[in-house]
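Asks: Provided herewith is a single structure, encoded as structure tokens, for subsequent inquiry.
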There are 2 protein chains.
Amino acid sequence: MAAAAPPPPPTPTPTPPTTLPETGPVGNPVFARIRIANPSDVRHLHKLIYQLAVFERLPHLVSATESSLSSNLFNSPPFQSFTVFLLEVSPTPFPDAPVGAHPPITHVVNLDLPIADPESQEFGSGGDAVVAGFVLFFPNYSTFLGKPGFYIEDLYVRDCYRRKGFGKMLLSAVAAQAVKMGYGRVEWCVLDWNVNAIKFYEEMGAQVLQDWRICRLTGDALQAFGN
Amino acid sequence: MAAAAPPPPPTPTPTPPTTLPETGPVGNPVFARIRIANPSDVRHLHKLIYQLAVFERLPHLVSATESSLSSNLFNSPPFQSFTVFLLEVSPTPFPDAPVGAHPPITHVVNLDLPIADPESQEFGSGGDAVVAGFVLFFPNYSTFLGKPGFYIEDLYVRDCYRRKGFGKMLLSAVAAQAVKMGYGRVEWCVLDWNVNAIKFYEEMGAQVLQDWRICRLTGDALQAFGN
């Protein structure tokens, strides 16, 4: 629902401009929280990774299990190695976070229509909140800049939460952390057929490098070459 | 120079097969050593990075200094974060390495012709040895595999040492470390016009992913987006 229109001016003579009412959480507010994931989030994270693979038309490449994720993530302090930001949304405000080194980032989004989430049970994360997406990133290094950056391995927002600014929030949280740490770049990859994503990234100021290709050595070829 | 051919069998009657003489360093042997770089290698590393940027037709993108490299590399144990393998070559054998957690990898390459190195003074690294190349890599993470891998940011061999197997040695050293650590992938990027490199990578079993593009947020755009 849109904010009420201002009333028409009371007289035809010039008057001070009519002001709009202050916009608070009107319509359908959605409270969003971005926080560092922890081992108890692995169940949701694994489901999100699989959904992402389906979206990328690559589910046959997924061999990650909850157990492999648990054993390889969460072994280093945040931002020093593999780090996951989890996106949670709720129709009611999140409780105040305890003061800490990495407090959650919160936003309020006002939507014209409420979001119907067919997977709200499956992705429930306490109270009214559900897990709606994630970004997994880790430090990379640019020898040209002579400094680190962040590489985003995955950025994913569940279907019913797309086109509402949540993806940008997740990316922005990584960029903000990079700026805070004096890092030089944030990088990630996109499939060349995903024109919506490419447009979205270019509009936010990212360059899409057209002349680089990724090389990958994996499976038997890696074993053979490494032995 | 090739190894001497075996003498013809002494009689026309069946005899045990004639064995080739053992192939030792004949012709022009070049001794190669791959070792983990340390802060005292930064002067050479900085020059190699600049040469690589010139080769990639991107020298205008280099802002790294010896000082920035020194402050950002060498802060973590090898393989946990940014790691550099340095390639040194020498016409005489390297002294035996002290026993340690990460002993150098050595090879002997027999060449038909000696290598004329116009920069041997500039890249001298003690005794007869010179620095001939490097590879810089760090852990990345595959959510699909649910395990880490290595990403190679740079692989560089100086001009006069190319097409002799040294690039493959450096790549192989990274692959071997990945296998040793149970990692799932080794990845890197290549410029699409560098057909020689693409052929080389494909011959050693790597896939070149044609449908992914790198996105990069840097400079003012990063600052703007992160604030």
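Residues in the structure tokens are numbered from 1 in each chain, the chains being A, B, ... in the order shown, and ligands are numbered from 1 in the order shown.
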Using only C-alpha atoms, find each residue of chain A with at least one atom at most 7 Å away from an atom of chain B; report its shortest atom-to-atom pair and that distance in Å (one decimal), sort the rows by chain and rising residue number, and return the result as JSON lines.

Replies:
```
{"residue": "A:Ile49", "atom": "CA", "partner": "B:Thr143", "partner_atom": "CA", "distance": 6.7}
{"residue": "A:Leu61", "atom": "CA", "partner": "B:Phe144", "partner_atom": "CA", "distance": 6.3}
{"residue": "A:Val62", "atom": "CA", "partner": "B:Phe144", "partner_atom": "CA", "distance": 4.3}
{"residue": "A:Ser63", "atom": "CA", "partner": "B:Leu145", "partner_atom": "CA", "distance": 5.0}
{"residue": "A:Ala64", "atom": "CA", "partner": "B:Gly146", "partner_atom": "CA", "distance": 4.1}
{"residue": "A:Thr65", "atom": "CA", "partner": "B:Gly146", "partner_atom": "CA", "distance": 6.6}
{"residue": "A:Ser68", "atom": "CA", "partner": "B:Gly146", "partner_atom": "CA", "distance": 5.4}
{"residue": "A:Leu69", "atom": "CA", "partner": "B:Gly146", "partner_atom": "CA", "distance": 5.2}
{"residue": "A:Asn72", "atom": "CA", "partner": "B:Lys147", "partner_atom": "CA", "distance": 6.1}
{"residue": "A:Thr143", "atom": "CA", "partner": "B:Ala64", "partner_atom": "CA", "distance": 6.6}
{"residue": "A:Phe144", "atom": "CA", "partner": "B:Val62", "partner_atom": "CA", "distance": 4.3}
{"residue": "A:Leu145", "atom": "CA", "partner": "B:Ala64", "partner_atom": "CA", "distance": 4.7}
{"residue": "A:Gly146", "atom": "CA", "partner": "B:Ala64", "partner_atom": "CA", "distance": 4.1}
{"residue": "A:Lys147", "atom": "CA", "partner": "B:Asn72", "partner_atom": "CA", "distance": 6.1}
{"residue": "A:Ser172", "atom": "CA", "partner": "B:Gly226", "partner_atom": "CA", "distance": 5.6}
{"residue": "A:Ala175", "atom": "CA", "partner": "B:Gly226", "partner_atom": "CA", "distance": 4.5}
{"residue": "A:Ala176", "atom": "CA", "partner": "B:Gly226", "partner_atom": "CA", "distance": 3.8}
{"residue": "A:Val179", "atom": "CA", "partner": "B:Gly226", "partner_atom": "CA", "distance": 6.1}
{"residue": "A:Gly184", "atom": "CA", "partner": "B:Thr218", "partner_atom": "CA", "distance": 6.2}
{"residue": "A:Arg185", "atom": "CA", "partner": "B:Thr218", "partner_atom": "CA", "distance": 4.6}
{"residue": "A:Val186", "atom": "CA", "partner": "B:Leu217", "partner_atom": "CA", "distance": 5.1}
{"residue": "A:Glu187", "atom": "CA", "partner": "B:Arg216", "partner_atom": "CA", "distance": 4.5}
{"residue": "A:Trp188", "atom": "CA", "partner": "B:Cys215", "partner_atom": "CA", "distance": 5.2}
{"residue": "A:Cys189", "atom": "CA", "partner": "B:Ile214", "partner_atom": "CA", "distance": 4.4}
{"residue": "A:Val190", "atom": "CA", "partner": "B:Arg213", "partner_atom": "CA", "distance": 5.3}
{"residue": "A:Leu191", "atom": "CA", "partner": "B:Trp212", "partner_atom": "CA", "distance": 4.5}
{"residue": "A:Asp192", "atom": "CA", "partner": "B:Asp211", "partner_atom": "CA", "distance": 5.4}
{"residue": "A:Gly205", "atom": "CA", "partner": "B:Ala221", "partner_atom": "CA", "distance": 5.3}
{"residue": "A:Ala206", "atom": "CA", "partner": "B:Leu217", "partner_atom": "CA", "distance": 4.5}
{"residue": "A:Gln207", "atom": "CA", "partner": "B:Arg216", "partner_atom": "CA", "distance": 5.2}
{"residue": "A:Val208", "atom": "CA", "partner": "B:Cys215", "partner_atom": "CA", "distance": 4.5}
{"residue": "A:Leu209", "atom": "CA", "partner": "B:Ile214", "partner_atom": "CA", "distance": 5.4}
{"residue": "A:Gln210", "atom": "CA", "partner": "B:Arg213", "partner_atom": "CA", "distance": 6.3}
{"residue": "A:Asp211", "atom": "CA", "partner": "B:Asp192", "partner_atom": "CA", "distance": 5.3}
{"residue": "A:Trp212", "atom": "CA", "partner": "B:Leu191", "partner_atom": "CA", "distance": 4.5}
{"residue": "A:Arg213", "atom": "CA", "partner": "B:Val190", "partner_atom": "CA", "distance": 5.3}
{"residue": "A:Ile214", "atom": "CA", "partner": "B:Cys189", "partner_atom": "CA", "distance": 4.4}
{"residue": "A:Cys215", "atom": "CA", "partner": "B:Val208", "partner_atom": "CA", "distance": 4.5}
{"residue": "A:Arg216", "atom": "CA", "partner": "B:Glu187", "partner_atom": "CA", "distance": 4.5}
{"residue": "A:Leu217", "atom": "CA", "partner": "B:Ala206", "partner_atom": "CA", "distance": 4.5}
{"residue": "A:Thr218", "atom": "CA", "partner": "B:Arg185", "partner_atom": "CA", "distance": 4.6}
{"residue": "A:Ala221", "atom": "CA", "partner": "B:Gly205", "partner_atom": "CA", "distance": 5.3}
{"residue": "A:Leu222", "atom": "CA", "partner": "B:Ala175", "partner_atom": "CA", "distance": 6.5}
{"residue": "A:Gln223", "atom": "CA", "partner": "B:Val179", "partner_atom": "CA", "distance": 6.3}
{"residue": "A:Phe225", "atom": "CA", "partner": "B:Ser172", "partner_atom": "CA", "distance": 6.2}
{"residue": "A:Gly226", "atom": "CA", "partner": "B:Ala176", "partner_atom": "CA", "distance": 3.8}
{"residue": "A:Asn227", "atom": "CA", "partner": "B:Ala176", "partner_atom": "CA", "distance": 5.9}
```

Asks: Any chance you could export the current selection's N, CA and C atoms as a compact mmCIF listing (two decimals), in the first residue's frame?

Replies:
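Saved file selection.txt follows:
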```txt
# COMPACT_ATOMS: atom_id res chain seq x y z
N ILE A 49 22.40 -23.91 -0.56
CA ILE A 49 23.42 -24.24 -1.58
C ILE A 49 22.81 -25.13 -2.66
N LEU A 61 26.43 -31.13 -9.80
CA LEU A 61 27.79 -30.86 -9.30
C LEU A 61 27.86 -30.78 -7.78
N VAL A 62 26.72 -30.88 -7.10
CA VAL A 62 26.73 -30.72 -5.64
C VAL A 62 27.06 -32.04 -4.95
N SER A 63 28.17 -32.06 -4.26
CA SER A 63 28.46 -33.22 -3.41
C SER A 63 28.64 -32.81 -1.95
N ALA A 64 28.47 -31.53 -1.65
CA ALA A 64 28.58 -31.04 -0.27
C ALA A 64 27.50 -31.69 0.59
N THR A 65 27.87 -32.01 1.81
CA THR A 65 26.90 -32.52 2.79
C THR A 65 26.93 -31.58 4.00
N SER A 68 30.27 -32.18 5.58
CA SER A 68 31.47 -31.59 4.97
C SER A 68 31.50 -30.08 5.19
N LEU A 69 30.33 -29.45 5.13
CA LEU A 69 30.29 -28.01 5.39
C LEU A 69 30.71 -27.72 6.83
N ASN A 72 34.51 -27.95 7.37
CA ASN A 72 35.40 -27.04 6.63
C ASN A 72 35.13 -25.57 6.87
N THR A 143 47.86 -9.31 -6.72
CA THR A 143 49.28 -8.94 -6.78
C THR A 143 49.44 -7.57 -7.44
N PHE A 144 48.52 -7.22 -8.34
CA PHE A 144 48.62 -5.91 -9.00
C PHE A 144 48.40 -4.78 -8.00
N LEU A 145 47.41 -4.95 -7.12
CA LEU A 145 47.16 -3.94 -6.07
C LEU A 145 48.10 -4.11 -4.90
N GLY A 146 48.66 -5.30 -4.74
CA GLY A 146 49.50 -5.57 -3.56
C GLY A 146 48.69 -5.61 -2.29
N LYS A 147 47.43 -5.98 -2.40
CA LYS A 147 46.62 -6.09 -1.18
C LYS A 147 45.47 -7.08 -1.35
N SER A 172 26.34 -5.54 -0.38
CA SER A 172 26.76 -4.31 0.27
C SER A 172 27.42 -4.60 1.62
N ALA A 175 30.91 -5.63 0.75
CA ALA A 175 31.67 -4.45 0.30
C ALA A 175 32.03 -3.56 1.49
N ALA A 176 31.08 -3.39 2.39
CA ALA A 176 31.34 -2.54 3.57
C ALA A 176 32.46 -3.13 4.42
N VAL A 179 35.76 -2.43 2.64
CA VAL A 179 36.17 -1.03 2.82
C VAL A 179 36.73 -0.84 4.24
N GLY A 184 41.11 -3.99 -1.41
CA GLY A 184 41.09 -3.29 -2.69
C GLY A 184 39.97 -3.67 -3.64
N ARG A 185 39.39 -4.84 -3.47
CA ARG A 185 38.44 -5.32 -4.47
C ARG A 185 37.44 -6.26 -3.82
N VAL A 186 36.26 -6.32 -4.42
CA VAL A 186 35.35 -7.45 -4.18
C VAL A 186 35.07 -8.06 -5.55
N GLU A 187 35.24 -9.37 -5.65
CA GLU A 187 35.04 -10.04 -6.93
C GLU A 187 34.14 -11.25 -6.78
N TRP A 188 33.51 -11.61 -7.88
CA TRP A 188 32.68 -12.80 -7.91
C TRP A 188 32.48 -13.20 -9.36
N CYS A 189 31.80 -14.28 -9.61
CA CYS A 189 31.54 -14.72 -10.98
C CYS A 189 30.05 -14.76 -11.25
N VAL A 190 29.73 -14.63 -12.54
CA VAL A 190 28.33 -14.70 -12.96
C VAL A 190 28.27 -15.54 -14.23
N LEU A 191 27.21 -16.29 -14.39
CA LEU A 191 27.01 -17.05 -15.63
C LEU A 191 26.62 -16.08 -16.74
N ASP A 192 27.20 -16.26 -17.93
CA ASP A 192 26.99 -15.27 -18.99
C ASP A 192 25.54 -15.22 -19.49
N GLY A 205 27.82 -0.57 -10.23
CA GLY A 205 29.18 -0.07 -10.42
C GLY A 205 30.24 -1.13 -10.66
N ALA A 206 29.84 -2.41 -10.72
CA ALA A 206 30.82 -3.48 -10.95
C ALA A 206 31.18 -3.56 -12.44
N GLN A 207 32.43 -3.95 -12.71
CA GLN A 207 32.83 -4.24 -14.08
C GLN A 207 32.63 -5.73 -14.31
N VAL A 208 32.16 -6.11 -15.48
CA VAL A 208 32.11 -7.52 -15.86
C VAL A 208 33.27 -7.74 -16.84
N LEU A 209 34.26 -8.52 -16.44
CA LEU A 209 35.47 -8.71 -17.24
C LEU A 209 35.17 -9.74 -18.34
N GLN A 210 35.19 -9.28 -19.57
CA GLN A 210 34.75 -10.16 -20.67
C GLN A 210 35.85 -11.08 -21.19
N ASP A 211 37.11 -10.77 -20.93
CA ASP A 211 38.20 -11.50 -21.61
C ASP A 211 38.96 -12.47 -20.71
N TRP A 212 38.44 -12.74 -19.52
CA TRP A 212 39.06 -13.75 -18.65
C TRP A 212 38.20 -15.00 -18.60
N ARG A 213 38.85 -16.15 -18.56
CA ARG A 213 38.14 -17.42 -18.42
C ARG A 213 38.70 -18.16 -17.22
N ILE A 214 37.83 -18.88 -16.52
CA ILE A 214 38.25 -19.66 -15.36
C ILE A 214 38.74 -21.02 -15.82
N CYS A 215 39.87 -21.45 -15.28
CA CYS A 215 40.39 -22.80 -15.52
C CYS A 215 40.23 -23.59 -14.23
N ARG A 216 39.88 -24.84 -14.38
CA ARG A 216 39.61 -25.67 -13.20
C ARG A 216 40.22 -27.06 -13.37
N LEU A 217 40.98 -27.45 -12.37
CA LEU A 217 41.57 -28.79 -12.32
C LEU A 217 40.92 -29.48 -11.12
N THR A 218 40.21 -30.57 -11.39
CA THR A 218 39.46 -31.21 -10.31
C THR A 218 39.38 -32.71 -10.55
N ALA A 221 41.69 -35.60 -12.81
CA ALA A 221 42.75 -34.80 -13.44
C ALA A 221 43.63 -34.13 -12.38
N LEU A 222 42.99 -33.67 -11.30
CA LEU A 222 43.77 -33.08 -10.20
C LEU A 222 44.64 -34.12 -9.53
N GLN A 223 44.05 -35.27 -9.26
CA GLN A 223 44.81 -36.34 -8.61
C GLN A 223 46.01 -36.74 -9.47
N PHE A 225 47.53 -35.02 -11.86
CA PHE A 225 48.52 -33.97 -12.04
C PHE A 225 49.27 -33.69 -10.75
N GLY A 226 48.60 -33.90 -9.62
CA GLY A 226 49.23 -33.60 -8.34
C GLY A 226 50.10 -34.72 -7.81
N ASN A 227 50.05 -35.87 -8.48
CA ASN A 227 50.83 -37.01 -7.95
C ASN A 227 52.13 -37.22 -8.73
```

Asks: Please return as a compact mmCIF listing (two decimals) with C-alpha atoms, in the first residue's frame: the residues of range 84-184 of chain A that backbone DSSP assigns to strand (DSSP E or B).

Replies:
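Output below, filename result-v8.txt:
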```
# COMPACT_ATOMS: atom_id res chain seq x y z
CA VAL A 84 29.12 -16.78 5.65
CA PHE A 85 26.66 -13.93 6.12
CA LEU A 86 23.15 -15.26 6.62
CA LEU A 87 20.10 -13.18 5.68
CA GLU A 88 17.07 -13.56 7.93
CA VAL A 89 13.75 -11.80 7.49
CA SER A 90 10.86 -11.38 9.86
CA ILE A 105 23.28 -5.42 10.13
CA THR A 106 19.55 -4.66 10.14
CA HIS A 107 17.25 -3.06 7.60
CA VAL A 108 13.53 -2.43 7.27
CA VAL A 109 11.96 -2.82 3.84
CA ASN A 110 8.45 -1.61 3.14
CA LEU A 111 6.65 -3.66 0.56
CA GLY A 124 12.31 -21.10 10.16
CA VAL A 130 13.11 -17.26 8.38
CA VAL A 131 16.42 -17.69 6.59
CA ALA A 132 16.06 -16.03 3.17
CA GLY A 133 19.57 -16.14 1.70
CA PHE A 134 23.30 -16.07 2.25
CA VAL A 135 26.62 -14.93 0.89
CA LEU A 136 29.81 -16.99 1.30
CA PHE A 137 33.08 -15.14 0.80
CA PHE A 138 36.77 -15.29 1.71
CA PRO A 139 39.93 -13.22 1.24
CA ASN A 140 41.63 -13.26 -2.13
CA TYR A 141 44.76 -11.37 -3.15
CA SER A 142 45.57 -9.01 -5.97
CA LYS A 147 46.62 -6.09 -1.18
CA PRO A 148 43.81 -8.47 -0.27
CA GLY A 149 40.20 -8.31 -1.35
CA PHE A 150 37.17 -10.52 -0.90
CA TYR A 151 35.98 -13.16 -3.32
CA ILE A 152 32.29 -14.03 -3.17
CA GLU A 153 31.80 -17.68 -3.93
CA ASP A 154 28.02 -17.67 -3.60
CA LEU A 155 25.32 -15.06 -3.28
CA TYR A 156 21.82 -16.45 -3.02
CA VAL A 157 18.37 -15.17 -2.09
```

Asks: Can you tell me, as a list in words, what residues are no more than 9 Å from Pro91 in chain B when counting only C-alpha atoms, ignoring any on the same chain fewer than 2 positions away?

Replies: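 Near neighbours after the sequence-gap exclusion: Asn28, Pro29, Val30, Phe31, Ala32, Val89, Pro93, Asp128 and Ala129 of chain B.
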
Asks: Pick out the closest residue to Asp117 in chain B from this set: B:Tyr161, B:Phe74, B:Phe79, B:Phe94. Count only C-alpha atoms.

Replies: B:Tyr161

Asks: List the neighbours of Cys160 in chain A out to 10 Å using only C-alpha atoms; skip same-chain residues closer than 2 positions along the sequence, and give me the result as a PDB file with C-alpha atoms, in the first residue's frame.

Replies:
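Okay, selection33.pdb is ready:
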```
ATOM      1  CA  ILE A 115       5.656 -11.987   0.886  1.00  0.00           C
ATOM      2  CA  ALA A 116       4.102 -15.428   0.648  1.00  0.00           C
ATOM      3  CA  ASP A 117       6.882 -17.842   1.580  1.00  0.00           C
ATOM      4  CA  PRO A 118       5.972 -21.454   0.696  1.00  0.00           C
ATOM      5  CA  GLU A 119       9.043 -22.703   2.589  1.00  0.00           C
ATOM      6  CA  ALA A 132      16.055 -16.033   3.173  1.00  0.00           C
ATOM      7  CA  VAL A 157      18.373 -15.169  -2.089  1.00  0.00           C
ATOM      8  CA  ARG A 158      15.422 -17.540  -2.069  1.00  0.00           C
ATOM      9  CA  ARG A 162      14.086 -11.663  -4.886  1.00  0.00           C
ATOM     10  CA  ARG A 163      13.795  -8.234  -6.517  1.00  0.00           C
ATOM     11  CA  LYS A 164      13.291  -6.563  -3.139  1.00  0.00           C
TER      12      LYS A 164
END
```

Asks: Mind pulling up the distance from CA of Arg33 in chain A to CA of Pro104 in chain A?

Replies: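 These atoms are spaced 6.3 Å apart.
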
Asks: Could you tell me how far CA of Glu203 in chain B lies from CA of Met181 in chain B, in Å and to one decimal?

Replies: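 We find that CA of Glu203 in chain B and CA of Met181 in chain B lie 24.2 Å from each other.
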
Asks: Grab the CA of Arg35 in chain B to CA of Met169 in chain B distance for me, in Å with one decimal place.

Replies: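 Answer for the CA of Arg35 in chain B to CA of Met169 in chain B separation: 11.7 Å.
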
Asks: Ranking A:Leu113, A:Val42, A:Leu48, A:Ile36 by minimum distance to Ala101 in chain A and counting only C-alpha atoms, which one comes first?

Replies: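 Of the candidates, the smallest distance to Ala101 in chain A is held by A:Ile36.
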